[in-house]
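One file, model_5.pdb, is given below (PDB, C-alpha atoms).
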ATOM      1  CA  MET A   5     -13.159  -8.216   1.466
ATOM      2  CA  ALA A   6     -10.888  -8.078  -1.577
ATOM      3  CA  PHE A   7     -11.106 -11.787  -2.249
ATOM      4  CA  LEU A   8     -14.901 -11.798  -1.954
ATOM      5  CA  ALA A   9     -15.259  -8.845  -4.323
ATOM      6  CA  GLY A  10     -13.299 -10.669  -7.025
ATOM      7  CA  ASN A  11     -13.212  -8.702 -10.246
ATOM      8  CA  SER A  12     -15.976  -6.288  -9.218
ATOM      9  CA  SER A  13     -15.492  -2.772 -10.464
ATOM     10  CA  LEU A  14     -16.989   0.703 -10.396
ATOM     11  CA  PRO A  15     -17.417   2.887 -13.497
ATOM     12  CA  LEU A  16     -15.776   6.230 -12.754
ATOM     13  CA  PRO A  17     -15.132   9.267 -14.971
ATOM     14  CA  GLN A  18     -11.540   9.706 -16.031
ATOM     15  CA  LEU A  19      -9.362  12.751 -16.478
ATOM     16  CA  GLY A  20      -6.254  10.858 -17.540
ATOM     17  CA  GLY A  21      -7.161  10.139 -21.164
ATOM     18  CA  ALA A  22     -10.140   7.791 -21.040
ATOM     19  CA  THR A  23     -13.702   9.106 -20.821
ATOM     20  CA  SER A  24     -14.550   6.568 -18.129
ATOM     21  CA  ALA A  25     -13.015   3.396 -16.771
ATOM     22  CA  ASN A  26     -14.155   0.443 -14.728
ATOM     23  CA  ILE A  27     -12.067   0.789 -11.572
ATOM     24  CA  PRO A  28     -11.539  -2.540  -9.795
ATOM     25  CA  LEU A  29     -12.444  -2.564  -6.111
ATOM     26  CA  ILE A  30      -9.054  -4.122  -5.403
ATOM     27  CA  LEU A  31      -7.624  -0.641  -5.983
ATOM     28  CA  PHE A  32      -9.268   0.564  -2.748
ATOM     29  CA  ALA A  33      -9.570  -2.574  -0.566
ATOM     30  CA  PRO A  34      -5.908  -2.650   0.621
ATOM     31  CA  LEU A  35      -6.274   0.896   1.964
ATOM     32  CA  ALA A  36      -8.146  -0.441   5.002
ATOM     33  CA  PRO A  37      -5.322  -2.585   6.435
ATOM     34  CA  ALA A  38      -2.682   0.030   5.563
ATOM     35  CA  ILE A  39      -4.615   2.720   7.426
ATOM     36  CA  ALA A  40      -5.435   0.357  10.296
ATOM     37  CA  LEU A  41      -1.729  -0.390  10.678
ATOM     38  CA  ASN A  42      -1.039   3.303  11.187
ATOM     39  CA  THR A  43      -3.438   3.441  14.108
ATOM     40  CA  CYS A  44      -1.761   0.403  15.694
ATOM     41  CA  TYR A  45       1.775   1.770  15.599
ATOM     42  CA  GLY A  46       3.451   3.155  18.698
ATOM     43  CA  THR A  47       3.153   6.864  19.210
ATOM     44  CA  PRO A  48       6.071   9.105  18.287
ATOM     45  CA  ALA A  49       5.678  10.949  21.591
ATOM     46  CA  PRO A  50       8.847  12.268  23.245
ATOM     47  CA  ILE A  51       8.422   9.770  26.052
ATOM     48  CA  GLU A  52       8.794   6.895  23.560
ATOM     49  CA  ALA A  53      12.081   8.393  22.358
ATOM     50  CA  THR A  54      13.541   7.977  25.840
ATOM     51  CA  ALA A  55      12.111   4.490  26.419
ATOM     52  CA  VAL A  56      14.357   1.457  26.499
ATOM     53  CA  ARG A  57      12.100  -0.649  24.308
ATOM     54  CA  ARG A  58      12.401  -0.339  20.569
ATOM     55  CA  VAL A  59       8.920   0.717  19.467
ATOM     56  CA  ALA A  60       9.890   1.401  15.855
ATOM     57  CA  GLY A  61      11.292  -2.121  15.526
ATOM     58  CA  LEU A  62       7.980  -3.535  16.723
ATOM     59  CA  ASP A  63       6.107  -1.267  14.294
ATOM     60  CA  THR A  64       8.284  -2.545  11.452
ATOM     61  CA  LEU A  65       7.643  -6.160  12.434
ATOM     62  CA  LEU A  66       3.899  -5.492  12.534
ATOM     63  CA  ALA A  67       3.931  -4.055   9.006
ATOM     64  CA  VAL A  68       5.982  -6.984   7.683
ATOM     65  CA  ALA A  69       3.674  -9.465   9.439
ATOM     66  CA  VAL A  70       0.517  -7.988   7.879
ATOM     67  CA  VAL A  71       1.977  -8.015   4.360
ATOM     68  CA  ALA A  72       3.355 -11.542   4.890
ATOM     69  CA  ALA A  73       0.006 -12.794   6.244
ATOM     70  CA  THR A  74      -1.818 -11.321   3.247
ATOM     71  CA  THR A  75       0.690 -13.025   0.962
ATOM     72  CA  ALA A  76       0.165 -16.347   2.746
ATOM     73  CA  VAL A  77      -3.614 -16.063   2.383
ATOM     74  CA  ALA A  78      -3.382 -14.946  -1.253
ATOM     75  CA  ALA A  79      -0.879 -17.600  -2.377
ATOM     76  CA  PRO A  80      -3.345 -20.525  -2.627
ATOM     77  CA  ILE A  81      -5.865 -18.280  -4.382
ATOM     78  CA  ALA A  82      -3.253 -16.988  -6.834
ATOM     79  CA  ALA A  83      -2.100 -20.559  -7.498
ATOM     80  CA  GLY A  84      -5.667 -21.553  -8.384
ATOM     81  CA  TRP A  85      -6.070 -24.028  -5.528
ATOM     82  CA  ILE A  86      -9.297 -22.377  -4.359
ATOM     83  CA  SER A  87     -12.077 -22.338  -6.907
ATOM     84  CA  GLY A  88     -14.361 -19.366  -7.327
ATOM     85  CA  SER A  89     -11.613 -16.849  -6.604
ATOM     86  CA  HIS A  90      -9.530 -14.841  -9.013
ATOM     87  CA  GLY A  91      -5.764 -15.269  -8.830
ATOM     88  CA  ALA A  92      -5.070 -11.860 -10.335
ATOM     89  CA  THR A  93      -7.201 -10.210  -7.631
ATOM     90  CA  ALA A  94      -5.188 -11.932  -4.903
ATOM     91  CA  GLN A  95      -1.906 -10.866  -6.475
ATOM     92  CA  ALA A  96      -3.110  -7.284  -6.893
ATOM     93  CA  ALA A  97      -4.231  -7.236  -3.239
ATOM     94  CA  VAL A  98      -0.729  -8.152  -2.057
ATOM     95  CA  ARG A  99       0.972  -5.677  -4.403
ATOM     96  CA  ASN A 100      -1.378  -2.827  -3.486
ATOM     97  CA  LEU A 101      -1.106  -3.550   0.235
ATOM     98  CA  ALA A 102       2.686  -3.343  -0.025
ATOM     99  CA  CYS A 103       2.401  -0.066  -1.972
ATOM    100  CA  TYR A 104      -0.094   1.570   0.403
ATOM    101  CA  THR A 105       1.692   0.350   3.543
ATOM    102  CA  GLY A 106       4.983   1.722   2.223
ATOM    103  CA  LEU A 107       3.374   5.068   1.406
ATOM    104  CA  ALA A 108       1.777   5.233   4.865
ATOM    105  CA  LEU A 109       5.102   4.456   6.561
ATOM    106  CA  ILE A 110       6.922   7.064   4.474
ATOM    107  CA  GLY A 111       4.164   9.559   5.288
ATOM    108  CA  ARG A 112       4.406   8.686   8.978
ATOM    109  CA  ALA A 113       8.115   9.457   8.987
ATOM    110  CA  ALA A 114       7.686  12.662   6.981
ATOM    111  CA  LEU A 115       4.348  14.087   8.184
ATOM    112  CA  GLY A 116       3.557  12.364  11.459
ATOM    113  CA  THR A 117       1.123   9.671  12.483
ATOM    114  CA  HIS A 118      -2.171  11.441  11.861
ATOM    115  CA  ALA A 119      -1.452  12.917   8.431
ATOM    116  CA  SER A 120       0.259   9.824   7.077
ATOM    117  CA  THR A 121      -2.958   8.043   6.119
ATOM    118  CA  VAL A 122      -3.751  10.825   3.674
ATOM    119  CA  ILE A 123      -0.854   9.879   1.373
ATOM    120  CA  PRO A 124      -1.987   6.367   0.344
ATOM    121  CA  THR A 125      -5.608   7.527   0.192
ATOM    122  CA  LEU A 126      -4.770  10.432  -2.106
ATOM    123  CA  PHE A 127      -2.612   8.172  -4.259
ATOM    124  CA  ALA A 128      -5.492   5.687  -4.673
ATOM    125  CA  LEU A 129      -7.871   8.515  -5.591
ATOM    126  CA  ILE A 130      -5.393  10.041  -8.057
ATOM    127  CA  VAL A 131      -4.868   6.644  -9.691
ATOM    128  CA  SER A 132      -8.621   6.046  -9.913
ATOM    129  CA  VAL A 133      -9.288   9.406 -11.601
ATOM    130  CA  PHE A 134      -6.110  10.071 -13.630
ATOM    131  CA  GLY A 135      -4.496   6.632 -13.896
ATOM    132  CA  TYR A 136      -6.096   5.228 -17.048
ATOM    133  CA  GLY A 137      -5.275   6.036 -20.656
ATOM    134  CA  PRO A 138      -7.521   6.046 -23.734
ATOM    135  CA  GLU A 139      -7.539   2.244 -24.024
ATOM    136  CA  GLN A 140      -8.529   1.953 -20.339
ATOM    137  CA  THR A 141      -5.093   0.597 -19.511
ATOM    138  CA  ALA A 142      -3.178   1.922 -16.544
ATOM    139  CA  HIS A 143      -0.511   4.556 -17.085
ATOM    140  CA  TRP A 144       3.058   3.512 -16.190
ATOM    141  CA  TRP A 145       2.938   5.397 -12.868
ATOM    142  CA  ALA A 146      -0.447   4.004 -11.752
ATOM    143  CA  TRP A 147       0.990   0.893 -10.074
ATOM    144  CA  PRO A 148      -2.114  -0.127  -8.080
ATOM    145  CA  ALA A 149      -4.196  -0.183 -11.279
ATOM    146  CA  ALA A 150      -1.593  -1.975 -13.388
ATOM    147  CA  ASP A 151      -1.967  -5.532 -14.582
ATOM    148  CA  VAL A 152      -0.405  -8.089 -12.232
ATOM    149  CA  SER A 153       2.056  -9.047 -14.976
ATOM    150  CA  ASP A 154       3.544  -5.515 -14.953
ATOM    151  CA  SER A 155       6.948  -5.899 -13.314
ATOM    152  CA  LEU A 156       7.376  -2.140 -12.709
ATOM    153  CA  SER A 157       4.312  -2.140 -10.447
ATOM    154  CA  TRP A 158       5.774  -4.957  -8.323
ATOM    155  CA  VAL A 159       9.233  -3.392  -8.134
ATOM    156  CA  GLY A 160       7.785   0.033  -7.315
ATOM    157  CA  SER A 161       5.465  -1.320  -4.624
ATOM    158  CA  ALA A 162       8.250  -3.382  -3.054
ATOM    159  CA  ALA A 163      10.575  -0.366  -3.146
ATOM    160  CA  LEU A 164       7.979   1.831  -1.399
ATOM    161  CA  LEU A 165       7.513  -0.835   1.281
ATOM    162  CA  VAL A 166      11.268  -1.229   1.842
ATOM    163  CA  ILE A 167      11.800   2.545   2.010
ATOM    164  CA  GLY A 168       8.902   2.888   4.467
ATOM    165  CA  LEU A 169      10.223   0.053   6.626
ATOM    166  CA  PHE A 170      13.711   1.577   6.598
ATOM    167  CA  ARG A 171      12.390   5.020   7.536
ATOM    168  CA  THR A 172      10.423   3.450  10.406
ATOM    169  CA  ILE A 173      13.197   1.262  11.829
ATOM    170  CA  ARG A 174      15.665   4.130  11.554
ATOM    171  CA  THR A 175      13.826   6.044  14.266
ATOM    172  CA  ASP A 176      15.041   3.463  16.809
ATOM    173  CA  PHE A 177      18.678   4.341  16.205
ATOM    174  CA  PRO A 178      20.281   7.147  18.216
ATOM    175  CA  ARG A 179      20.665  10.415  16.375
ATOM    176  CA  HIS A 180      24.080  12.035  16.160
ATOM    177  CA  SER A 181      24.235  15.802  16.437
TER     178      SER A 181
END

Serialized structure, structure tokens:
Amino acid sequence: MAFLAGNSSLPLPQLGGATSANIPLILFAPLAPAIALNTCYGTPAPIEATAVRRVAGLDTLLAVAVVAATTAVAAPIAAGWISGSHGATAQAAVRNLACYTGLALIGRAALGTHASTVIPTLFALIVSVFGYGPEQTAHWWAWPAADVSDSLSWVGSAALLVIGLFRTIRTDFPRHS
């Protein structure tokens, strides 16, 4: 969906400094796979805690596989090998998917499976309403709306993904009292 939308955007009112901004659809498109991943993860039920199989390890591998598959699909588009597509859109899709997946995994560890999808959704909505300054450029903290050349947005998104993966895989290790 993100690659077909290209540079399509929605004009939305802003409360972060600009009167209105054209919000790219790529800000919201990666929410779908991040939320879908949360429904595919193993349940944190007490019975899973006593199981021999490592469910959290499989959940972590699933999250890595989805981000890696999106990167593999986006790489030829970002390199310009496929005409009619925008390389910056493909790069932003990968960065935003990593950010939203990391936030969902962190939320899953902190709030539980059902409430965890609220965190990336709220973050996307906050960025879309408050994330743009007077020149319609993204604020430093609005990573999903930042230009793909912004290194802080890539480092921040990767850090959120790594923290979320660590918090997920950690549930497979025995707890010491």

Take the PyMOL selection byres ((chain A and resi 157) around 10), run it mentally on this structure, and tell me the resulting residues as an NGL selection string.
:A and (96 or 99-100 or 103 or 144-156 or 158-163)

Just want the 6 Å neighbourhood of Ser13 of chain A, counted on all atoms listed in the file, with same-chain residues fewer than 3 positions away dropped. Output as a ChimeraX atom specification.
/A:26-29

To one decimal place in Å, what is the distance between atom CA of Ser132 of chain A and atom CA of Leu14 of chain A?
9.9 Å

Interatomic distance, atom CA of Ala60 of chain A to atom CA of Ile30 of chain A (Å, one decimal)
29.0 Å

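Candidate residues A:Gly116, A:Gly106, A:Gly135, A:Gly91 were compared for distance to Ala67 of chain A, and the nearest is A:Gly106, using all atoms listed in the file.
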
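If only C-alpha atoms are the atoms counted, then among A:Ala79, A:Ala40, A:Ala142, A:Ile123 the closest residue to Gln18 of chain A is A:Ala142.
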
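Between Val122 of chain A and the residues A:Ala102, A:Ile39, A:Leu169, A:Ala78, the shortest atom-to-atom distance, using all atoms listed in the file, involves A:Ile39.
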
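The spacing separating atom CA of Leu16 of chain A from atom CA of Thr75 of chain A amounts to 28.8 Å.
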
Go through the shown structure with the PyMOL selection byres ((chain A and resi 63-65) around 9) and write out the matching residues as a ChimeraX atom specification.
/A:41,44-46,58-62,66-70,168-170,172-173
